[in-house]
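Here is the file query39.cif (mmCIF, C-alpha atoms).
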```
data_protein
#
loop_
_atom_site.label_atom_id
_atom_site.label_comp_id
_atom_site.auth_asym_id
_atom_site.auth_seq_id
_atom_site.Cartn_x
_atom_site.Cartn_y
_atom_site.Cartn_z
CA ALA A 4 -80.43 -159.17 -117.04
CA TRP A 5 -77.62 -161.55 -116.37
CA GLY A 6 -80.03 -164.11 -115.04
CA MET A 7 -79.89 -167.76 -114.20
CA ASN A 8 -80.80 -168.90 -117.68
CA SER A 9 -78.47 -166.56 -119.60
CA PHE A 10 -75.31 -167.56 -117.78
CA SER A 11 -74.07 -170.15 -120.22
CA ALA A 12 -71.56 -170.76 -122.94
CA ALA A 13 -74.42 -170.67 -125.42
CA SER A 14 -74.96 -166.98 -124.62
CA LEU A 15 -71.45 -165.89 -125.55
CA SER A 16 -71.33 -162.61 -127.44
CA PRO A 17 -70.21 -162.76 -131.08
CA LEU A 18 -67.30 -160.59 -129.86
CA PHE A 19 -66.07 -163.64 -127.93
CA PRO A 20 -66.77 -166.64 -130.16
CA ALA A 21 -63.24 -167.42 -129.28
CA LEU A 22 -62.81 -170.15 -127.38
CA THR A 23 -63.06 -170.17 -123.68
CA SER A 24 -60.92 -173.30 -123.74
CA GLY A 25 -58.27 -175.01 -125.82
CA ARG A 26 -55.10 -173.67 -127.35
CA ALA A 27 -56.18 -170.02 -127.35
CA LEU A 28 -56.82 -169.95 -123.62
CA ASP A 29 -53.58 -171.83 -123.01
CA VAL A 30 -51.71 -168.96 -124.67
CA VAL A 31 -53.43 -166.51 -122.32
CA LYS A 32 -52.36 -168.60 -119.32
CA ILE A 33 -48.77 -168.89 -120.54
CA VAL A 34 -48.49 -165.12 -121.11
CA ALA A 35 -49.97 -164.53 -117.65
CA ALA A 36 -47.51 -166.93 -116.04
CA VAL A 37 -44.52 -165.31 -117.77
CA ALA A 38 -45.67 -161.85 -116.70
CA MET A 39 -46.16 -163.09 -113.13
CA VAL A 40 -42.65 -164.59 -112.97
CA ILE A 41 -41.15 -161.33 -114.23
CA ASP A 42 -43.12 -159.40 -111.63
CA HIS A 43 -42.06 -161.72 -108.79
CA ILE A 44 -38.39 -161.60 -109.80
CA ASN A 45 -38.60 -157.81 -109.82
CA HIS A 46 -40.23 -157.80 -106.38
CA ILE A 47 -37.91 -160.33 -104.70
CA TRP A 48 -34.54 -159.54 -106.30
CA TRP A 49 -34.86 -155.85 -107.20
CA GLN A 50 -37.46 -154.71 -104.62
CA GLY A 51 -39.78 -153.57 -107.40
CA SER A 52 -37.33 -150.98 -108.67
CA VAL A 53 -37.42 -152.05 -112.35
CA THR A 54 -40.35 -150.07 -113.73
CA SER A 55 -40.64 -151.99 -117.00
CA ALA A 56 -40.83 -155.30 -115.12
CA TYR A 57 -43.46 -153.83 -112.81
CA LEU A 58 -45.61 -152.74 -115.75
CA ILE A 59 -45.30 -156.16 -117.41
CA GLY A 60 -46.33 -157.72 -114.11
CA ARG A 61 -49.54 -155.66 -114.07
CA MET A 62 -50.72 -157.70 -117.06
CA ALA A 63 -50.63 -161.01 -115.20
CA PHE A 64 -53.63 -160.69 -112.90
CA PRO A 65 -56.19 -159.52 -115.53
CA LEU A 66 -55.10 -162.41 -117.74
CA PHE A 67 -55.50 -164.96 -114.94
CA CYS A 68 -58.91 -163.45 -114.20
CA PHE A 69 -59.82 -163.91 -117.86
CA ALA A 70 -58.94 -167.59 -117.55
CA ALA A 71 -61.09 -167.83 -114.42
CA ALA A 72 -63.97 -166.10 -116.21
CA ALA A 73 -63.62 -168.52 -119.13
CA ALA A 74 -63.92 -171.39 -116.65
CA ILE A 75 -67.11 -169.84 -115.21
CA VAL A 76 -68.67 -169.61 -118.67
CA ARG A 77 -67.38 -173.01 -119.78
CA MET A 78 -69.02 -174.68 -116.76
CA ASP A 79 -72.33 -173.42 -118.10
CA GLY A 80 -73.53 -172.06 -114.77
CA ALA A 81 -73.17 -175.41 -112.96
CA VAL A 82 -72.78 -174.26 -109.37
CA ASP A 83 -71.26 -177.50 -108.13
CA LYS A 84 -68.56 -177.41 -110.83
CA ILE A 85 -67.74 -173.77 -110.11
CA TYR A 86 -67.45 -174.45 -106.37
CA LYS A 87 -65.31 -177.50 -107.08
CA GLN A 88 -62.95 -175.36 -109.14
CA ALA A 89 -62.91 -172.71 -106.41
CA GLY A 90 -62.07 -175.40 -103.87
CA PHE A 91 -59.20 -176.65 -106.02
CA LEU A 92 -57.78 -173.12 -106.26
CA LEU A 93 -58.18 -172.71 -102.51
CA LEU A 94 -56.21 -175.91 -101.91
CA CYS A 95 -53.44 -174.67 -104.22
CA ALA A 96 -53.49 -171.33 -102.39
CA LEU A 97 -53.05 -173.01 -99.01
CA ILE A 98 -50.19 -175.17 -100.28
CA SER A 99 -48.33 -172.22 -101.84
CA GLU A 100 -48.98 -169.71 -99.04
CA PRO A 101 -45.92 -170.62 -96.86
CA VAL A 102 -43.61 -169.83 -99.78
CA SER A 103 -45.50 -166.61 -100.47
CA GLN A 104 -45.20 -165.55 -96.84
CA LEU A 105 -41.44 -166.13 -96.86
CA THR A 106 -40.70 -164.37 -100.14
CA ARG A 107 -43.30 -161.61 -100.46
CA ASP A 108 -45.60 -159.39 -98.37
CA PRO A 109 -46.41 -161.27 -95.13
CA ASP A 110 -49.51 -159.12 -94.54
CA THR A 111 -51.24 -160.26 -97.73
CA VAL A 112 -52.22 -163.78 -98.78
CA ASN A 113 -51.37 -164.93 -102.31
CA VAL A 114 -53.35 -164.27 -105.46
CA LEU A 115 -54.85 -167.77 -105.65
CA PHE A 116 -57.08 -166.86 -102.69
CA THR A 117 -58.39 -163.89 -104.70
CA LEU A 118 -59.16 -166.05 -107.73
CA ALA A 119 -60.83 -168.69 -105.54
CA LEU A 120 -63.04 -166.02 -103.94
CA GLY A 121 -63.90 -164.68 -107.38
CA LEU A 122 -65.09 -168.09 -108.50
CA ALA A 123 -66.96 -168.66 -105.24
CA VAL A 124 -69.05 -165.49 -105.53
CA ALA A 125 -69.79 -165.95 -109.25
CA PRO A 126 -72.87 -168.22 -108.83
CA CYS A 127 -74.49 -165.61 -106.58
CA MET A 128 -73.46 -162.58 -108.63
CA ARG A 129 -74.72 -164.08 -111.88
CA SER A 130 -78.32 -163.99 -110.61
CA PHE A 131 -78.20 -160.30 -109.66
CA PRO A 132 -79.83 -157.64 -111.86
CA PRO A 133 -77.40 -155.26 -113.60
CA VAL A 134 -78.00 -152.39 -111.16
CA LEU A 135 -77.14 -154.56 -108.17
CA ARG A 136 -74.03 -155.91 -109.89
CA VAL A 137 -72.87 -152.37 -110.61
CA MET A 138 -73.37 -151.48 -106.94
CA PHE A 139 -71.13 -154.38 -105.95
CA TYR A 140 -68.50 -153.31 -108.49
CA ILE A 141 -68.52 -149.75 -107.16
CA ALA A 142 -68.28 -150.99 -103.58
CA ALA A 143 -65.36 -153.25 -104.52
CA CYS A 144 -63.49 -150.29 -106.02
CA ALA A 145 -64.26 -148.08 -103.02
CA LEU A 146 -62.95 -150.71 -100.61
CA MET A 147 -59.58 -150.58 -102.36
CA ALA A 148 -58.94 -147.40 -100.34
CA TRP A 149 -58.25 -149.66 -97.35
CA SER A 150 -55.79 -152.50 -96.90
CA ASN A 151 -57.06 -155.92 -97.98
CA ALA A 152 -56.05 -159.31 -96.64
CA TRP A 153 -55.62 -160.75 -100.13
CA GLU A 154 -53.77 -159.61 -103.23
CA PHE A 155 -55.64 -157.22 -105.52
CA GLY A 156 -58.40 -156.84 -102.95
CA PHE A 157 -62.14 -156.72 -103.54
CA ALA A 158 -61.72 -155.28 -107.03
CA GLY A 159 -59.62 -158.30 -107.95
CA MET A 160 -62.24 -160.62 -106.50
CA MET A 161 -64.96 -159.06 -108.68
CA LEU A 162 -62.89 -158.97 -111.87
CA PRO A 163 -63.55 -162.61 -112.99
CA VAL A 164 -67.29 -162.03 -112.53
CA ALA A 165 -67.21 -158.87 -114.65
CA LEU A 166 -65.12 -160.55 -117.35
CA ALA A 167 -67.56 -163.47 -117.50
CA GLY A 168 -70.37 -160.98 -118.07
CA ALA A 169 -68.30 -159.23 -120.72
CA MET A 170 -67.85 -162.53 -122.56
CA MET A 171 -71.62 -162.72 -122.81
CA GLY A 172 -71.87 -159.29 -124.33
CA LYS A 173 -72.99 -157.41 -121.22
CA HIS A 174 -71.81 -153.86 -121.92
CA THR A 175 -71.98 -152.83 -118.27
CA ASP A 176 -69.67 -155.67 -117.34
CA MET A 177 -67.25 -154.76 -120.14
CA ILE A 178 -66.84 -151.29 -118.67
CA ALA A 179 -66.72 -152.67 -115.13
CA ALA A 180 -63.96 -155.13 -116.09
CA ALA A 181 -61.70 -152.31 -117.32
CA VAL A 182 -62.34 -150.21 -114.20
CA LEU A 183 -61.88 -153.15 -111.83
CA ALA A 184 -58.60 -154.11 -113.56
CA ALA A 185 -57.31 -150.59 -112.98
CA PHE A 186 -58.39 -150.46 -109.33
CA ALA A 187 -57.05 -153.95 -108.60
CA ASN A 188 -53.61 -152.81 -109.78
CA PHE A 189 -53.81 -149.37 -108.16
CA GLY A 190 -51.97 -150.24 -104.96
CA GLY A 191 -48.55 -150.23 -106.59
CA TYR A 192 -48.79 -146.87 -108.35
CA GLY A 193 -47.17 -145.09 -105.40
CA ASN A 194 -43.89 -146.83 -106.24
CA LEU A 195 -43.79 -145.39 -109.75
CA ASP A 196 -42.59 -141.88 -109.03
CA VAL A 197 -40.71 -141.69 -112.33
CA ILE A 198 -43.68 -142.38 -114.62
CA ASN A 199 -46.77 -140.33 -115.37
CA PRO A 200 -49.71 -142.02 -113.61
CA ALA A 201 -51.79 -141.57 -116.77
CA VAL A 202 -49.33 -143.78 -118.67
CA VAL A 203 -49.57 -146.43 -115.96
CA MET A 204 -53.38 -146.33 -116.12
CA ILE A 205 -53.29 -146.83 -119.90
CA VAL A 206 -51.01 -149.85 -119.49
CA VAL A 207 -53.27 -151.36 -116.85
CA LEU A 208 -56.40 -150.84 -118.92
CA ALA A 209 -54.60 -152.28 -121.96
CA ALA A 210 -54.04 -155.46 -119.95
CA THR A 211 -57.80 -155.95 -120.04
CA ALA A 212 -57.67 -156.13 -123.84
CA LEU A 213 -54.78 -158.61 -123.95
CA PRO A 214 -56.95 -161.73 -123.58
CA LEU A 215 -59.11 -160.61 -126.49
CA CYS A 216 -56.06 -159.99 -128.64
CA ALA A 217 -54.58 -163.37 -127.76
CA LEU A 218 -57.81 -165.22 -128.49
CA TRP A 219 -58.33 -163.40 -131.77
CA LEU A 220 -54.77 -164.04 -132.96
CA ILE A 221 -54.88 -167.73 -132.09
CA ASN A 222 -58.30 -168.07 -133.66
CA GLN A 223 -56.92 -166.50 -136.84
CA ALA A 224 -53.87 -168.76 -136.81
CA TYR A 225 -55.56 -172.05 -135.99
CA GLY A 226 -59.22 -171.48 -136.77
CA SER A 227 -61.42 -174.40 -135.81
CA THR A 228 -58.42 -176.46 -134.71
CA ALA A 229 -58.00 -174.29 -131.59
CA THR A 230 -60.65 -176.27 -129.75
CA SER A 231 -60.71 -177.89 -126.34
CA GLN A 232 -59.15 -180.97 -127.96
CA SER A 233 -56.15 -178.92 -129.12
CA ARG A 234 -54.11 -178.00 -126.06
CA LEU A 235 -50.68 -176.61 -125.32
CA LEU A 236 -50.94 -177.29 -121.58
CA PRO A 237 -52.02 -180.38 -119.60
CA ARG A 238 -55.73 -180.83 -119.05
CA TYR A 239 -55.85 -179.47 -115.49
CA ALA A 240 -53.43 -176.56 -116.02
#
```

Could you render the structure from this file as C-alpha cells?
Amino acid sequence: AWGMNSFSAASLSPLFPALTSGRALDVVKIVAAVAMVIDHINHIWWQGSVTSAYLIGRMAFPLFCFAAAAAIVRMDGAVDKIYKQAGFLLLCALISEPVSQLTRDPDTVNVLFTLALGLAVAPCMRSFPPVLRVMFYIAACALMAWSNAWEFGFAGMMLPVALAGAMMGKHTDMIAAAVLAAFANFGGYGNLDVINPAVVMIVVLAATALPLCALWLINQAYGSTATSQSRLLPRYA
C-alpha cells in the first residue's frame, strides 16, 4: 500500500534514482516551459491551427506534473510543506489569472490552479489503499466527459499524485499516470481533424515518458554532479 510511512524520498524505485531535484529536474521544467510557450503562441496567434505546435504543447502539462510529483516526494510526506507549496502555486495562479482570462479561454481558470489542487489532495491520496486510489483515478477520467472549471480537469488534478506513486515503483500508479495524461489532454482532440486520433494518443502517452528520458540523459551526462546543489534555474523556480 502507498501508506503514510512509504511516502518518502527513501522509497523511490530504482527506476527513478534520478533525482527529484537539481539540474535534471530543471531540464524537465525548461522543456515544459518551452512547450507551453509554443502551445500558447499557437492558441493566441494561430487559433490552434498549427497541428505540430499543438502536439508539442501536449507535452507541457505532463512535464509540469512530473515536477509537482517530484516536489511531493522531495518533501518526504511533510504535509505542511506540501500545503505551503500548494499555497504558493495558488497565489501565482491568482496573480496570473487576469492575463489568462484576457488571452485564453475565459470559461477555464489557468493551469496553476490545477497543479495547486493536485498538490493539495496529495497528502490525503497518499494514505489511501491502492484500490481506493484506482477508484479516484477512474472517477477523474470519467468526469472529463463534462466541462471543468480548470485546465486539464480532474484527470490533470490527479496526475501529480499518480506520478509521485510511479516514482516510488507503484505499478498501478505508473499505468494510471499514462491514462490520466491521455485523458487530461483529451479535450483538444476534436480540433485535430487532419490527424489520426491514434497518432495523437501515442504522442500524448509519450509525453509521460519524457521526464524519465530527461532525467536519465542528464544523469548519464552529469552523474553525481546533477544534485540539488547543481542547478540551472534559481532555487524557487

Ranking A:Phe91, A:Tyr140, A:Tyr57, A:Trp49 by minimum distance to A:Phe116 and counting only C-alpha atoms, which one comes first? A:Phe91

Going by the chain IDs and residue numbers used in this file, which residues fall under the PyMOL selection byres ((chain A and resi 114) around 12)? Write them as a ChimeraX atom specification. /A:39,63-65,67-68,92-93,95-97,99-100,103-104,107-108,111-113,115-121,151-157,159-160,187

Residues picked by the PyMOL selection byres ((chain A and resi 128) around 10) here, as a PyMOL selection string? chain A and resi 5-7+121+123-127+129-133+135-136+139+161+164-165

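We find atom CA of A:Ile41 and atom CA of A:Leu183 to be spaced 22.4 Å apart.
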
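Distance check against A:Met78 using only C-alpha atoms: of A:Asn45, A:Arg61, A:Met138, A:Ala167, the minimum falls on A:Ala167.
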
Point-to-point distance from atom CA of A:Val102 to atom CA of A:Ala89, Å rounded to tenths: 20.6 Å

Closest of A:Gly168, A:Thr106, A:Ile141, A:Leu28 to A:His46 - atom-to-atom distances counting all atoms listed in the file: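 Using all atoms listed in the file, the shortest distance to A:His46 belongs to A:Thr106.
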
Could you jot down the atom CA of A:Phe69 to atom CA of A:Ser150 separation for me, Å, one decimal place? 24.2 Å

How big is the axis-aligned box, and where does its centre sit, when it encloses all atoms of stretch 67-70 of chain A listed in the file and has 3 Å added on every side, reported in Å to one decimal as AutoDock Vina command-line options?
```
--center_x -57.7 --center_y -165.5 --center_z -116.0 --size_x 10.3 --size_y 10.1 --size_z 9.7
```

Find, counting only C-alpha atoms, the residue in A:Ala56, A:Pro163, A:Leu66, A:Trp48 that gets nearest to A:Ile33. A:Leu66

Can you spell out as an MDAnalysis selection string the set of residues that the PyMOL selection byres ((chain A and resi 74) around 9) selects in the structure I just provided? chainID A and resid 23:24 69:73 75:79 85 88 122 167

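Residues lying within 7 Å of A:Ala38, counting only C-alpha atoms and ignoring same-chain neighbours fewer than 3 positions away, are Val34, Ala35, Ile41, Asp42, Ile59, Gly60, Met62 and Ala63 of chain A.
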